[in-house]
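Enquirer: Let me give you the structure first, and then I'll get to my questions.
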Amino acid sequence: MIGTFEVESLVGRGEVLGNVTGGTLEEIFKSICSKAKLPQGLEADAVVTELMDREKVLSTAVGNGIAIPHPRKPLFSREEDSMIVVAYLNQPLDMQAPDVKKVYAMFILLSSSSQFHIKALANLAKLIKNEEFRKGLQVKPPKEQLLELIRKVTQGN
């Protein structure tokens, strides 16, 4: 059993966006942030800037076609506003992943505190290491199917 109880609720609070377009990482982030329902008071442009600043430090591509973009600092204070926005790219993007595979799926983590952020990142990383999860993700499932896949994998089938 994988300890990823937070991931299901975070994806549940966020959105799953399909066929995200853009030729550059910034265009993709702009597309995602313009479509995502962000917490009140959080502007899409501010999120794009923070995500791009983080990518300049080190790519968030983790391999197997997956990236976990996230700001370097919390952007809001209420824990209940924390979320993961999942985005399936229309065209896979080279993000200098360790395995050199192009990214087709992004899990954008937006959290309220550094401690919460680290815990959620660790849980998401555990989930992404699961082969059954990665295989299920390749079909780019919509939100309810993705949540079901997360439940299946985290509950040990």
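Labels used: A, B, ... for chains in the order of the structure tokens, numbers from 1 for residues in each chain, and numbers from 1 for ligands as shown.
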Extract, using only C-alpha atoms, all DNA, RNA and protein residues at most 12 Å from segment 143-156 of chain A, discarding same-chain residues fewer than 2 positions from it, and format them as a ChimeraX atom specification.
Expert: /A:1-18,84-88,107,123-124,126-141
Enquirer: Might you pull out every residue within 7 Å of Ala67 of chain A, with only C-alpha atoms counted and same-chain residues fewer than 3 positions away left off, and present them as a ChimeraX atom specification?
Expert: /A:60-62,103,105-107
Enquirer: Can you list every residue of segment 71-126 of chain A that has an atom at most 12 Å from segment 38-54 of chain A, with its nearest atom pair and the distance in Å to one decimal, using only C-alpha atoms, ordered by chain then number, as JSON lines?
Expert:
```
{"residue": "A:Pro71", "atom": "CA", "partner": "A:Leu51", "partner_atom": "CA", "distance": 5.0}
{"residue": "A:Arg72", "atom": "CA", "partner": "A:Arg54", "partner_atom": "CA", "distance": 5.9}
{"residue": "A:Lys73", "atom": "CA", "partner": "A:Glu50", "partner_atom": "CA", "distance": 8.2}
{"residue": "A:Pro74", "atom": "CA", "partner": "A:Glu50", "partner_atom": "CA", "distance": 9.8}
{"residue": "A:Leu75", "atom": "CA", "partner": "A:Leu42", "partner_atom": "CA", "distance": 7.5}
{"residue": "A:Phe76", "atom": "CA", "partner": "A:Leu42", "partner_atom": "CA", "distance": 7.5}
{"residue": "A:Ser77", "atom": "CA", "partner": "A:Pro39", "partner_atom": "CA", "distance": 10.2}
{"residue": "A:Arg78", "atom": "CA", "partner": "A:Pro39", "partner_atom": "CA", "distance": 9.2}
{"residue": "A:Glu79", "atom": "CA", "partner": "A:Pro39", "partner_atom": "CA", "distance": 10.7}
{"residue": "A:Glu80", "atom": "CA", "partner": "A:Pro39", "partner_atom": "CA", "distance": 9.5}
{"residue": "A:Asp81", "atom": "CA", "partner": "A:Pro39", "partner_atom": "CA", "distance": 6.0}
{"residue": "A:Ser82", "atom": "CA", "partner": "A:Pro39", "partner_atom": "CA", "distance": 8.4}
{"residue": "A:Met83", "atom": "CA", "partner": "A:Leu38", "partner_atom": "CA", "distance": 9.0}
{"residue": "A:Ile84", "atom": "CA", "partner": "A:Leu38", "partner_atom": "CA", "distance": 10.5}
{"residue": "A:Val85", "atom": "CA", "partner": "A:Leu38", "partner_atom": "CA", "distance": 9.5}
{"residue": "A:Met106", "atom": "CA", "partner": "A:Leu51", "partner_atom": "CA", "distance": 12.0}
{"residue": "A:Phe107", "atom": "CA", "partner": "A:Leu51", "partner_atom": "CA", "distance": 11.9}
{"residue": "A:Ile108", "atom": "CA", "partner": "A:Leu51", "partner_atom": "CA", "distance": 8.8}
{"residue": "A:Leu109", "atom": "CA", "partner": "A:Leu51", "partner_atom": "CA", "distance": 9.9}
{"residue": "A:Leu110", "atom": "CA", "partner": "A:Val47", "partner_atom": "CA", "distance": 8.9}
{"residue": "A:Ser111", "atom": "CA", "partner": "A:Pro39", "partner_atom": "CA", "distance": 10.5}
{"residue": "A:Ser112", "atom": "CA", "partner": "A:Pro39", "partner_atom": "CA", "distance": 10.7}
```
Enquirer: Identify which of the residues A:Leu25, A:Ala125, A:Ala120, A:Val20 lies closest to Ile66 of chain A, counting only C-alpha atoms when measuring atom-to-atom distances.
Expert: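 Looking at the shortest contact to Ile66 of chain A, the residue is A:Ala125.
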Enquirer: As a ChimeraX atom specification, list the residues of chain A assigned to alpha helix (DSSP H) by DSSP on the backbone atoms of this structure.
Expert: /A:5-13,25-35,44-57,114-129,131-137,143-154
Enquirer: So how many Å separate atom CA of Leu89 of chain A and atom CA of Ile118 of chain A, to one decimal?
Expert: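 Separation of atom CA of Leu89 of chain A and atom CA of Ile118 of chain A: 25.2 Å.
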